[in-house]
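Q: Have a look at this one.
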Amino acid sequence: MERIILAFSSDKAIEKLRTMLEGSGYEPAVICRSGAELLRAVSGYDEALIIMGFRLYDMTVNHIYEQLHDGCRVLSIVRAEHTEDIIYDE
């Protein structure tokens, strides 16, 4: 199974998602608050599911997505005004 990594700049968002995941039997492997921290964490896993917001302290989801390896999947939870800002592969 893929490792789950939560990446949000908001502690409130992290705690809400952690509670939801743990209530469903999943435990996040890593909690990150910056893009640099996230990229370091991902480098240690062959596969990872990243659940993140649009912007961390130092990077947006687009910058992070460009630097991830093929074993990573990204689920970005964003406000409606940011949906058009996200660039993704189809």
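Residues in the structure tokens are named by chain (A, B, ... in the order shown) and by number from 1 within that chain; ligands are numbered from 1 in the order shown.
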Which of chain A end up as helix (DSSP H, G or I) when DSSP is run on this backbone - answer as a CSV table (one decimal) with N, CA and C atoms, in the first residue's frame?

A:
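Contents of the output file result22.csv:
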```csv
chain,number,residue,atom,x,y,z
A,11,ASP,N,-2.5,24.0,10.5
A,11,ASP,CA,-2.6,22.9,11.5
A,11,ASP,C,-4.0,22.4,11.6
A,12,LYS,N,-5.0,23.3,11.4
A,12,LYS,CA,-6.4,22.9,11.5
A,12,LYS,C,-6.8,21.9,10.4
A,13,ALA,N,-6.3,22.2,9.2
A,13,ALA,CA,-6.6,21.3,8.1
A,13,ALA,C,-6.0,19.9,8.3
A,14,ILE,N,-4.7,19.9,8.8
A,14,ILE,CA,-4.0,18.7,9.0
A,14,ILE,C,-4.8,17.8,10.1
A,15,GLU,N,-5.2,18.5,11.2
A,15,GLU,CA,-5.9,17.7,12.2
A,15,GLU,C,-7.2,17.2,11.7
A,16,LYS,N,-8.0,17.9,10.9
A,16,LYS,CA,-9.2,17.4,10.4
A,16,LYS,C,-9.0,16.2,9.5
A,17,LEU,N,-8.1,16.3,8.6
A,17,LEU,CA,-7.8,15.2,7.7
A,17,LEU,C,-7.2,14.0,8.4
A,18,ARG,N,-6.4,14.2,9.3
A,18,ARG,CA,-5.8,13.1,10.1
A,18,ARG,C,-6.9,12.4,10.8
A,19,THR,N,-7.8,13.1,11.4
A,19,THR,CA,-9.0,12.5,12.1
A,19,THR,C,-9.8,11.7,11.2
A,20,MET,N,-10.1,12.2,10.0
A,20,MET,CA,-10.9,11.5,9.0
A,20,MET,C,-10.2,10.2,8.6
A,21,LEU,N,-9.0,10.3,8.3
A,21,LEU,CA,-8.2,9.2,7.8
A,21,LEU,C,-8.1,8.1,8.9
A,22,GLU,N,-7.8,8.5,10.1
A,22,GLU,CA,-7.6,7.5,11.2
A,22,GLU,C,-9.0,6.9,11.5
A,23,GLY,N,-10.1,7.6,11.4
A,23,GLY,CA,-11.4,7.1,11.6
A,23,GLY,C,-11.8,6.0,10.6
A,35,GLY,N,6.9,22.7,1.1
A,35,GLY,CA,7.2,21.9,-0.1
A,35,GLY,C,8.5,21.2,0.0
A,36,ALA,N,9.5,21.9,0.6
A,36,ALA,CA,10.8,21.3,0.7
A,36,ALA,C,10.8,20.0,1.7
A,37,GLU,N,10.0,20.2,2.7
A,37,GLU,CA,9.9,19.0,3.7
A,37,GLU,C,9.1,17.9,3.0
A,38,LEU,N,8.1,18.2,2.2
A,38,LEU,CA,7.4,17.2,1.4
A,38,LEU,C,8.3,16.5,0.4
A,39,LEU,N,9.0,17.2,-0.3
A,39,LEU,CA,9.9,16.6,-1.3
A,39,LEU,C,11.0,15.7,-0.7
A,40,ARG,N,11.5,16.1,0.5
A,40,ARG,CA,12.4,15.2,1.2
A,40,ARG,C,11.7,13.9,1.7
A,41,ALA,N,10.5,14.0,2.2
A,41,ALA,CA,9.8,12.9,2.7
A,41,ALA,C,9.5,11.9,1.5
A,42,VAL,N,9.0,12.4,0.4
A,42,VAL,CA,8.7,11.6,-0.7
A,42,VAL,C,9.9,10.8,-1.3
A,61,VAL,N,1.1,23.5,-5.4
A,61,VAL,CA,0.9,22.1,-5.8
A,61,VAL,C,1.6,21.9,-7.2
A,62,ASN,N,1.5,22.9,-8.1
A,62,ASN,CA,2.1,22.8,-9.4
A,62,ASN,C,3.6,22.6,-9.3
A,63,HIS,N,4.3,23.4,-8.5
A,63,HIS,CA,5.7,23.3,-8.3
A,63,HIS,C,6.1,21.9,-7.7
A,64,ILE,N,5.3,21.4,-6.8
A,64,ILE,CA,5.6,20.1,-6.2
A,64,ILE,C,5.4,19.0,-7.2
A,65,TYR,N,4.2,19.1,-7.9
A,65,TYR,CA,3.9,18.0,-8.9
A,65,TYR,C,5.0,17.8,-9.9
A,66,GLU,N,5.6,18.9,-10.4
A,66,GLU,CA,6.6,18.8,-11.4
A,66,GLU,C,7.9,18.1,-10.9
A,80,ALA,N,-12.5,26.8,-4.6
A,80,ALA,CA,-13.0,26.8,-6.0
A,80,ALA,C,-12.2,27.8,-6.8
A,81,GLU,N,-11.7,28.9,-6.2
A,81,GLU,CA,-11.0,29.9,-7.0
A,81,GLU,C,-9.6,29.5,-7.5
A,82,HIS,N,-9.1,28.4,-6.9
A,82,HIS,CA,-7.8,27.8,-7.3
A,82,HIS,C,-7.9,26.7,-8.3
A,83,THR,N,-9.0,26.2,-8.6
A,83,THR,CA,-9.1,25.0,-9.5
A,83,THR,C,-8.6,25.3,-10.9
A,84,GLU,N,-8.7,26.4,-11.4
A,84,GLU,CA,-8.2,26.7,-12.8
A,84,GLU,C,-6.7,27.0,-12.7
A,85,ASP,N,-6.1,27.2,-11.6
A,85,ASP,CA,-4.7,27.4,-11.5
A,85,ASP,C,-3.9,26.1,-11.4
```

Q: Per residue of range 26-60 of chain A within 8 Å of range 70-73 of chain A, which atom pair is closest and at what distance in Å (one decimal), using only C-alpha atoms, listed by chain and increasing number, as a Markdown table?

A:
```
| residue | atom | partner | partner_atom | distance |
| --- | --- | --- | --- | --- |
| A:Val42 | CA | A:Cys72 | CA | 7.9 |
| A:Asp46 | CA | A:Gly71 | CA | 5.8 |
| A:Glu47 | CA | A:Gly71 | CA | 4.4 |
| A:Ala48 | CA | A:Cys72 | CA | 4.8 |
| A:Leu49 | CA | A:Arg73 | CA | 4.8 |
| A:Ile50 | CA | A:Arg73 | CA | 6.1 |
```

Q: Store the residues picked out above, limited to N, CA, C and O atoms, as a short mmCIF file (atom, residue, chain, number, x, y, z; two decimals), in the first residue's frame.

A:
```cif
data_model
loop_
_atom_site.label_atom_id
_atom_site.label_comp_id
_atom_site.auth_asym_id
_atom_site.auth_seq_id
_atom_site.Cartn_x
_atom_site.Cartn_y
_atom_site.Cartn_z
N VAL A 42 9.05 12.41 0.40
CA VAL A 42 8.67 11.58 -0.74
C VAL A 42 9.87 10.81 -1.28
O VAL A 42 9.73 9.68 -1.75
N ASP A 46 8.96 4.55 -2.42
CA ASP A 46 8.74 4.19 -3.82
C ASP A 46 7.37 4.64 -4.29
O ASP A 46 7.20 5.04 -5.43
N GLU A 47 6.38 4.57 -3.40
CA GLU A 47 5.02 4.98 -3.71
C GLU A 47 4.49 5.84 -2.57
O GLU A 47 4.78 5.57 -1.41
N ALA A 48 3.72 6.87 -2.92
CA ALA A 48 3.14 7.73 -1.90
C ALA A 48 1.88 8.38 -2.44
O ALA A 48 1.79 8.72 -3.62
N LEU A 49 0.91 8.52 -1.57
CA LEU A 49 -0.29 9.29 -1.86
C LEU A 49 -0.15 10.58 -1.07
O LEU A 49 -0.07 10.55 0.16
N ILE A 50 -0.11 11.70 -1.77
CA ILE A 50 0.05 13.00 -1.14
C ILE A 50 -1.30 13.69 -1.15
O ILE A 50 -1.90 13.87 -2.21
#
```

Q: Based on the backbone DSSP call, show me all residues of chain A assigned strand (DSSP E), as a ChimeraX atom specification.

A: /A:3-7,30-32,48-52,72-76

Q: Please measure the separation of CA of Arg33 in chain A and CA of Ser10 in chain A, giving the value in Å to one decimal.

A: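 Taking CA of Arg33 in chain A as the start and CA of Ser10 in chain A as the end point, the length is 7.7 Å.
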
Q: Using only C-alpha atoms, find the one residue out of A:Ser24, A:Ser9, A:Ala29, A:Ile77 that sits nearest to Gly44 in chain A.

A: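 Checking each of A:Ser24, A:Ser9, A:Ala29, A:Ile77 against Gly44 in chain A, counting only C-alpha atoms, the winner is A:Ala29.
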
Q: Nearest to Arg3 in chain A: which of A:Val74, A:Met59, A:Gly53, A:Gln67 is it, counting only C-alpha atoms?

A: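 Counting only C-alpha atoms, the residue closest to Arg3 in chain A is A:Val74.
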
Q: Work out how far CA of Glu2 in chain A is from CA of Phe54 in chain A, in Å to one decimal.

A: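 Taking CA of Phe54 in chain A and CA of Glu2 in chain A, their separation equals 21.4 Å.
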